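Participant: Quick one: this structure, given as structure tokens, is what I'll be asking you about.
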Amino acid sequence: MKVMIVGSGGREHAIAYCVAKNDKVTEMYCLPGNAGIAEYAQCVPIGAMEFAKIIDFAKEKEIDLCIVGMDDPLVGGLVDELEAVGVRTFGPRKNAAILEGSKAFSKDLMKKYNIPTAGYENFTDPEAALAYLETAKFPIVLKADGLALGKGVLICQNLEEAKAGVQTIMMDKKFGDAGNEMVIEEFMTGREVSVLSFVDGKTIRTMTSAQDHKRAGDGDTGLNTGGMGTFSPSPFYTKEVEEFCEKYVYQATVDAMRAEGREFKGIIFFGLMLTDEGVKVLEYNARFGDPEAQVCLPRMKNDLIDVIEACIDGTLDQVELEFEDNAAVCVVLASAGYPLDYEKGLEITGLDEFDKHEGYYCFHAGTAFKDGKLVTSGGRVLGITAKGKDLKEARANAYKATEWAKFDNKYMRTDIGKAIDEA
């Protein structure tokens, strides 16, 4: 079997690591990939949004299975285009990827099908949004409708901040066309939990839970990032929460998309908020989370290719997902200054240490080879993941392993998993 993965981050490295374990896989390619993925796959310098080149490559290499890791190509319709030329592809088609591609769509879907979420209004006119804010309750949340690399969400404490937010999103277009429409949403408080799931259009199988840390600085301070670390499972995802979600959220979402003529095959990532009023859906993503994939996939006992093929074939009802009875923590090593300005091209050393220890992983995000050396090439550089018998042991192991990886300007949060102590 010839497999092609589209993407270049830590999530795609975790996917490639799992794919490589399948005996049927004879060739693996990653477009564009990174230096870590190169251990398992041939990395090809084709960007994730270069659809014509991706399709030509898939036909030339006679690819048997393509896994699309990233949100942009999914929302842009890469799955449809690959399927049109006969390439089996894992991920939602364009009309289903809108679940992540438009926050206004997903909020309207939840309202229509009684899936619990925060109260909200959608706006395409900035003047109407400003008028609405005059009578709103604060704090309040403003969300750019489209994809904004996880950064198009502003929490505003008062009217002044909210007006500035409308200016930023809708008028100055700081997030580009993602800000053509905007969702204004009630501010929710509570624990956040992420649950990833496999979906075959009808059946849903949820994976283990996780919890992400989005802010750049300790104590959840600083700017929003693509994710500074994560842990799995979440101690706050109790049996009661799971049962509630199974009844009112998970299958309900799959059925709603099907009812709308938007059959969803692929990964649905449920961002949940555990509020005083109960569980509410914060957001949907239409792919593996990053860095959530880096803690969920190493704990999965099932063969990833087998599960993916069941999703494509509509036979997921015959699969029972199994996860190890342990825990995993991922600490992201970033370049100082991320997510704003940071230096690239700094040499990385010490990674051979990971090969000597069972249950330790170094997933590459922003890395490349330059003059035969491994160097930094992005803001988030490495995801250091470790397992343990429980969350506290996994966290201790992960932080111990961060010392093995060495590069100048290395930065990380020192409090990933701080919620573990509060459980």
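How things are named: the first chain in the structure tokens is A, the next is B, and so on; residues count from 1 in each chain; ligands count from 1 in the order shown.
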Among segment 192-326 of chain A, which residues does DSSP mark as strand (DSSP E) when it is run on the backbone? Keep the chain and numbering as in the structure and answer as an MDAnalysis selection string.

Facilitator: chainID A and resid 192:200 204:212 215:217 221:224 229:232 265:275 278:285

Participant: Applying 7 Å and only C-alpha atoms, which residues near Gly350 of chain A remain after dropping the ones on its own chain fewer than 4 positions away? List them as a list in words.

Facilitator: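 Using only C-alpha atoms, the neighbours found are Trp404, Ala405 and Lys406 of chain A.
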
Participant: Skip Arg262 of chain A itself and residues of its chain fewer than 3 positions away, then list as number ranges by chain all residues within 6 Å of it, counting only C-alpha atoms.

Facilitator: A: 95-96, 257-258

Participant: Next, write the just-selected residues to a file, as a PDB file, in the first residue's frame, keeping all heavy atoms as the atom set.

Facilitator:
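Now in selection.pdb:
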```
ATOM      1  N   ASN A  95     -18.121  20.023   1.581  1.00  0.00           N
ATOM      2  CA  ASN A  95     -19.425  20.415   2.129  1.00  0.00           C
ATOM      3  C   ASN A  95     -19.593  19.959   3.579  1.00  0.00           C
ATOM      4  O   ASN A  95     -20.478  20.435   4.290  1.00  0.00           O
ATOM      5  CB  ASN A  95     -20.579  19.911   1.248  1.00  0.00           C
ATOM      6  CG  ASN A  95     -20.860  18.425   1.420  1.00  0.00           C
ATOM      7  OD1 ASN A  95     -20.000  17.668   1.878  1.00  0.00           O
ATOM      8  ND2 ASN A  95     -22.040  18.007   1.034  1.00  0.00           N
ATOM      9  N   ALA A  96     -18.719  19.049   4.052  1.00  0.00           N
ATOM     10  CA  ALA A  96     -18.762  18.620   5.460  1.00  0.00           C
ATOM     11  C   ALA A  96     -17.703  19.332   6.295  1.00  0.00           C
ATOM     12  O   ALA A  96     -17.901  19.590   7.484  1.00  0.00           O
ATOM     13  CB  ALA A  96     -18.572  17.107   5.553  1.00  0.00           C
ATOM     14  N   MET A 257     -25.366  16.503  10.493  1.00  0.00           N
ATOM     15  CA  MET A 257     -24.648  16.715   9.234  1.00  0.00           C
ATOM     16  C   MET A 257     -25.238  15.847   8.120  1.00  0.00           C
ATOM     17  O   MET A 257     -25.388  16.300   6.975  1.00  0.00           O
ATOM     18  CB  MET A 257     -23.161  16.402   9.418  1.00  0.00           C
ATOM     19  CG  MET A 257     -22.427  17.427  10.270  1.00  0.00           C
ATOM     20  SD  MET A 257     -22.408  19.076   9.524  1.00  0.00           S
ATOM     21  CE  MET A 257     -21.108  18.871   8.297  1.00  0.00           C
ATOM     22  N   ARG A 258     -25.602  14.640   8.468  1.00  0.00           N
ATOM     23  CA  ARG A 258     -26.218  13.732   7.488  1.00  0.00           C
ATOM     24  C   ARG A 258     -27.564  14.279   7.025  1.00  0.00           C
ATOM     25  O   ARG A 258     -27.882  14.273   5.830  1.00  0.00           O
ATOM     26  CB  ARG A 258     -26.376  12.360   8.154  1.00  0.00           C
ATOM     27  CG  ARG A 258     -26.569  11.207   7.201  1.00  0.00           C
ATOM     28  CD  ARG A 258     -26.519   9.903   8.012  1.00  0.00           C
ATOM     29  NE  ARG A 258     -27.109   8.812   7.274  1.00  0.00           N
ATOM     30  CZ  ARG A 258     -26.471   8.121   6.340  1.00  0.00           C
ATOM     31  NH1 ARG A 258     -25.228   8.416   6.037  1.00  0.00           N
ATOM     32  NH2 ARG A 258     -27.073   7.137   5.708  1.00  0.00           N
TER      33      ARG A 258
END
```

Participant: Within 12 Å of segment 135-152 of chain A, which residues of segment 269-304 of chain A come that close, and what is the closest atom pair and distance in Å for each? Count only C-alpha atoms and give it as a Markdown table.

Facilitator:
```
| residue | atom | partner | partner_atom | distance |
| --- | --- | --- | --- | --- |
| A:Leu282 | CA | A:Val141 | CA | 11.2 |
| A:Glu283 | CA | A:Lys143 | CA | 10.7 |
| A:Tyr284 | CA | A:Gly150 | CA | 11.8 |
| A:Asn285 | CA | A:Leu147 | CA | 10.2 |
| A:Ala286 | CA | A:Leu147 | CA | 11.4 |
| A:Gly289 | CA | A:Gly150 | CA | 10.8 |
| A:Asp290 | CA | A:Gly150 | CA | 10.6 |
```

Participant: Based on the selection just made, write C-alpha atoms of those residues as a PDB file, in the first residue's frame.

Facilitator:
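selection_15.pdb was written with the following content:
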```pdb
ATOM      1  CA  LEU A 282     -17.293  25.322  22.292  1.00  0.00           C
ATOM      2  CA  GLU A 283     -16.185  24.445  18.759  1.00  0.00           C
ATOM      3  CA  TYR A 284     -15.794  21.722  16.180  1.00  0.00           C
ATOM      4  CA  ASN A 285     -12.676  20.904  14.194  1.00  0.00           C
ATOM      5  CA  ALA A 286     -12.726  18.645  11.164  1.00  0.00           C
ATOM      6  CA  GLY A 289      -6.018  18.408  16.867  1.00  0.00           C
ATOM      7  CA  ASP A 290      -2.406  19.505  17.120  1.00  0.00           C
TER       8      ASP A 290
END
```

Participant: Could you pull the residues within 7 Å of segment 328-335 of chain A, counting only C-alpha atoms, minus those fewer than 2 positions along the same chain, as a PDB file with N, CA and C atoms, in the first residue's frame?

Facilitator:
```
ATOM      1  N   MET A 228       0.413  24.922  23.119  1.00  0.00           N
ATOM      2  CA  MET A 228       1.727  24.836  23.778  1.00  0.00           C
ATOM      3  C   MET A 228       1.935  23.526  24.523  1.00  0.00           C
ATOM      4  N   GLY A 229       0.921  22.669  24.496  1.00  0.00           N
ATOM      5  CA  GLY A 229       1.055  21.388  25.192  1.00  0.00           C
ATOM      6  C   GLY A 229      -0.314  20.820  25.500  1.00  0.00           C
ATOM      7  N   THR A 230      -0.337  19.557  25.864  1.00  0.00           N
ATOM      8  CA  THR A 230      -1.618  18.908  26.103  1.00  0.00           C
ATOM      9  C   THR A 230      -1.417  17.663  26.965  1.00  0.00           C
ATOM     10  N   PHE A 231      -2.514  17.177  27.546  1.00  0.00           N
ATOM     11  CA  PHE A 231      -2.432  15.926  28.307  1.00  0.00           C
ATOM     12  C   PHE A 231      -3.662  15.078  28.035  1.00  0.00           C
ATOM     13  N   SER A 232      -3.513  13.772  28.234  1.00  0.00           N
ATOM     14  CA  SER A 232      -4.586  12.824  27.979  1.00  0.00           C
ATOM     15  C   SER A 232      -4.437  11.623  28.910  1.00  0.00           C
ATOM     16  N   GLN A 294      -0.833  14.139  19.299  1.00  0.00           N
ATOM     17  CA  GLN A 294       0.445  13.636  19.801  1.00  0.00           C
ATOM     18  C   GLN A 294       0.313  12.911  21.142  1.00  0.00           C
ATOM     19  N   VAL A 295      -0.809  13.100  21.851  1.00  0.00           N
ATOM     20  CA  VAL A 295      -1.029  12.332  23.089  1.00  0.00           C
ATOM     21  C   VAL A 295      -2.079  11.244  22.912  1.00  0.00           C
ATOM     22  N   GLY A 337       9.741  34.067  21.486  1.00  0.00           N
ATOM     23  CA  GLY A 337       9.130  35.102  20.666  1.00  0.00           C
ATOM     24  C   GLY A 337       7.865  34.645  19.964  1.00  0.00           C
ATOM     25  N   TYR A 338       7.707  33.296  19.808  1.00  0.00           N
ATOM     26  CA  TYR A 338       6.488  32.748  19.210  1.00  0.00           C
ATOM     27  C   TYR A 338       5.284  33.154  20.067  1.00  0.00           C
ATOM     28  N   TYR A 342      10.369  35.372  15.809  1.00  0.00           N
ATOM     29  CA  TYR A 342      11.320  34.409  16.366  1.00  0.00           C
ATOM     30  C   TYR A 342      12.357  34.073  15.300  1.00  0.00           C
ATOM     31  N   GLU A 343      13.498  33.613  15.777  1.00  0.00           N
ATOM     32  CA  GLU A 343      14.610  33.267  14.883  1.00  0.00           C
ATOM     33  C   GLU A 343      14.417  31.852  14.347  1.00  0.00           C
ATOM     34  N   GLY A 379       7.732  28.365  14.552  1.00  0.00           N
ATOM     35  CA  GLY A 379       7.561  28.858  15.918  1.00  0.00           C
ATOM     36  C   GLY A 379       7.440  27.726  16.920  1.00  0.00           C
ATOM     37  N   ARG A 380       6.568  26.761  16.605  1.00  0.00           N
ATOM     38  CA  ARG A 380       6.497  25.539  17.410  1.00  0.00           C
ATOM     39  C   ARG A 380       7.461  24.555  16.755  1.00  0.00           C
ATOM     40  N   VAL A 381       8.472  24.135  17.494  1.00  0.00           N
ATOM     41  CA  VAL A 381       9.561  23.359  16.894  1.00  0.00           C
ATOM     42  C   VAL A 381       9.366  21.856  17.109  1.00  0.00           C
ATOM     43  N   LEU A 382       9.192  21.442  18.364  1.00  0.00           N
ATOM     44  CA  LEU A 382       9.077  20.023  18.705  1.00  0.00           C
ATOM     45  C   LEU A 382       7.955  19.817  19.715  1.00  0.00           C
ATOM     46  N   GLY A 383       7.313  18.665  19.651  1.00  0.00           N
ATOM     47  CA  GLY A 383       6.349  18.274  20.678  1.00  0.00           C
ATOM     48  C   GLY A 383       6.930  17.092  21.434  1.00  0.00           C
ATOM     49  N   ILE A 384       7.283  17.310  22.682  1.00  0.00           N
ATOM     50  CA  ILE A 384       7.897  16.243  23.490  1.00  0.00           C
ATOM     51  C   ILE A 384       6.790  15.526  24.254  1.00  0.00           C
ATOM     52  N   THR A 385       6.553  14.277  23.875  1.00  0.00           N
ATOM     53  CA  THR A 385       5.465  13.494  24.466  1.00  0.00           C
ATOM     54  C   THR A 385       6.042  12.331  25.262  1.00  0.00           C
ATOM     55  N   ALA A 386       5.444  12.081  26.425  1.00  0.00           N
ATOM     56  CA  ALA A 386       5.852  10.922  27.225  1.00  0.00           C
ATOM     57  C   ALA A 386       4.626  10.286  27.853  1.00  0.00           C
ATOM     58  N   LYS A 387       4.698   8.978  28.012  1.00  0.00           N
ATOM     59  CA  LYS A 387       3.635   8.245  28.697  1.00  0.00           C
ATOM     60  C   LYS A 387       4.030   8.023  30.152  1.00  0.00           C
ATOM     61  N   GLY A 388       3.051   7.683  30.957  1.00  0.00           N
ATOM     62  CA  GLY A 388       3.279   7.310  32.347  1.00  0.00           C
ATOM     63  C   GLY A 388       2.084   6.520  32.825  1.00  0.00           C
ATOM     64  N   LEU A 391      -1.278  10.580  35.034  1.00  0.00           N
ATOM     65  CA  LEU A 391      -0.961  11.904  34.486  1.00  0.00           C
ATOM     66  C   LEU A 391       0.269  12.537  35.134  1.00  0.00           C
ATOM     67  N   ALA A 394       3.371  10.855  33.784  1.00  0.00           N
ATOM     68  CA  ALA A 394       3.561  11.226  32.377  1.00  0.00           C
ATOM     69  C   ALA A 394       4.103  12.654  32.263  1.00  0.00           C
ATOM     70  N   ARG A 395       3.596  13.539  33.107  1.00  0.00           N
ATOM     71  CA  ARG A 395       4.061  14.934  33.082  1.00  0.00           C
ATOM     72  C   ARG A 395       5.534  15.018  33.497  1.00  0.00           C
ATOM     73  N   ALA A 398       7.626  13.757  30.650  1.00  0.00           N
ATOM     74  CA  ALA A 398       7.676  14.683  29.510  1.00  0.00           C
ATOM     75  C   ALA A 398       8.644  15.834  29.792  1.00  0.00           C
ATOM     76  N   ASN A 409      17.496  29.571  22.016  1.00  0.00           N
ATOM     77  CA  ASN A 409      16.179  30.242  22.030  1.00  0.00           C
ATOM     78  C   ASN A 409      15.027  29.289  22.337  1.00  0.00           C
ATOM     79  N   LYS A 410      15.343  28.130  22.946  1.00  0.00           N
ATOM     80  CA  LYS A 410      14.295  27.159  23.283  1.00  0.00           C
ATOM     81  C   LYS A 410      13.375  27.747  24.345  1.00  0.00           C
ATOM     82  N   TYR A 411      12.075  27.654  24.110  1.00  0.00           N
ATOM     83  CA  TYR A 411      11.098  28.190  25.059  1.00  0.00           C
ATOM     84  C   TYR A 411       9.976  27.176  25.259  1.00  0.00           C
ATOM     85  N   MET A 412       9.510  27.045  26.492  1.00  0.00           N
ATOM     86  CA  MET A 412       8.347  26.188  26.746  1.00  0.00           C
ATOM     87  C   MET A 412       7.596  26.715  27.966  1.00  0.00           C
ATOM     88  N   ILE A 416       2.442  22.987  31.898  1.00  0.00           N
ATOM     89  CA  ILE A 416       1.523  22.131  31.125  1.00  0.00           C
ATOM     90  C   ILE A 416       0.983  21.054  32.057  1.00  0.00           C
TER      91      ILE A 416
END
```

Participant: Which neighbours of Ile54 of chain A fall inside 9 Å, counting only C-alpha atoms, when residues of the same chain fewer than 6 positions from it are skipped, and could you give them as number ranges by chain?

Facilitator: A: 6, 31, 46-48, 78, 82

Participant: My list of candidates is A:Thr208, A:Asn114, A:Asn302, A:Thr189. Which is closest to Val319 of chain A when distances are computed with only C-alpha atoms?

Facilitator: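 Under the stated criterion, the closest residue is A:Asn302.
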
Participant: Just give me the gap between atom CA of Asp71 of chain A and atom CA of Thr89 of chain A in Å, one decimal is fine.

Facilitator: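 Atom-to-atom, atom CA of Asp71 of chain A and atom CA of Thr89 of chain A are spaced 14.4 Å apart.
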
Participant: Atom CA of Gly33 of chain A and atom CA of Leu374 of chain A, how far apart in Å?

Facilitator: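 A separation of 13.9 Å between them.
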
Participant: If we count only C-alpha atoms, what is near Pro116 of chain A at a cut-off of 9 Å, once residues fewer than 3 positions away on the same chain are taken out, given as number ranges by chain?

Facilitator: A: 110-111, 248-249, 278-281

Participant: Could you turn the residues from that selection into a file that holds N, CA and C atoms, as a PDB file, in the first residue's frame?

Facilitator:
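Writing done, so here's again-v5.pdb:
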```pdb
ATOM      1  N   MET A 110     -25.910  23.727  15.476  1.00  0.00           N
ATOM      2  CA  MET A 110     -26.174  23.335  16.869  1.00  0.00           C
ATOM      3  C   MET A 110     -27.524  23.861  17.345  1.00  0.00           C
ATOM      4  N   LYS A 111     -27.837  25.090  16.958  1.00  0.00           N
ATOM      5  CA  LYS A 111     -29.127  25.671  17.361  1.00  0.00           C
ATOM      6  C   LYS A 111     -30.278  24.865  16.757  1.00  0.00           C
ATOM      7  N   TYR A 248     -26.376  13.610  23.726  1.00  0.00           N
ATOM      8  CA  TYR A 248     -26.811  14.899  23.181  1.00  0.00           C
ATOM      9  C   TYR A 248     -25.834  15.584  22.218  1.00  0.00           C
ATOM     10  N   VAL A 249     -24.613  15.075  22.106  1.00  0.00           N
ATOM     11  CA  VAL A 249     -23.610  15.812  21.320  1.00  0.00           C
ATOM     12  C   VAL A 249     -23.036  14.988  20.165  1.00  0.00           C
ATOM     13  N   GLY A 278     -23.881  22.738  32.743  1.00  0.00           N
ATOM     14  CA  GLY A 278     -23.729  21.473  32.024  1.00  0.00           C
ATOM     15  C   GLY A 278     -22.721  21.601  30.892  1.00  0.00           C
ATOM     16  N   VAL A 279     -22.604  20.522  30.106  1.00  0.00           N
ATOM     17  CA  VAL A 279     -21.633  20.484  29.011  1.00  0.00           C
ATOM     18  C   VAL A 279     -22.163  21.281  27.820  1.00  0.00           C
ATOM     19  N   LYS A 280     -21.297  22.123  27.241  1.00  0.00           N
ATOM     20  CA  LYS A 280     -21.661  22.844  26.017  1.00  0.00           C
ATOM     21  C   LYS A 280     -20.533  22.700  25.000  1.00  0.00           C
ATOM     22  N   VAL A 281     -20.906  22.695  23.725  1.00  0.00           N
ATOM     23  CA  VAL A 281     -19.897  22.605  22.657  1.00  0.00           C
ATOM     24  C   VAL A 281     -19.322  23.985  22.397  1.00  0.00           C
TER      25      VAL A 281
END
```

Participant: Counting only C-alpha atoms, figure out which residue out of A:Ala164, A:Val199, A:Met28, A:Ala84 gets nearest to Glu309 of chain A.

Facilitator: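 When distances to Glu309 of chain A are compared using only C-alpha atoms, the smallest one comes from A:Val199.
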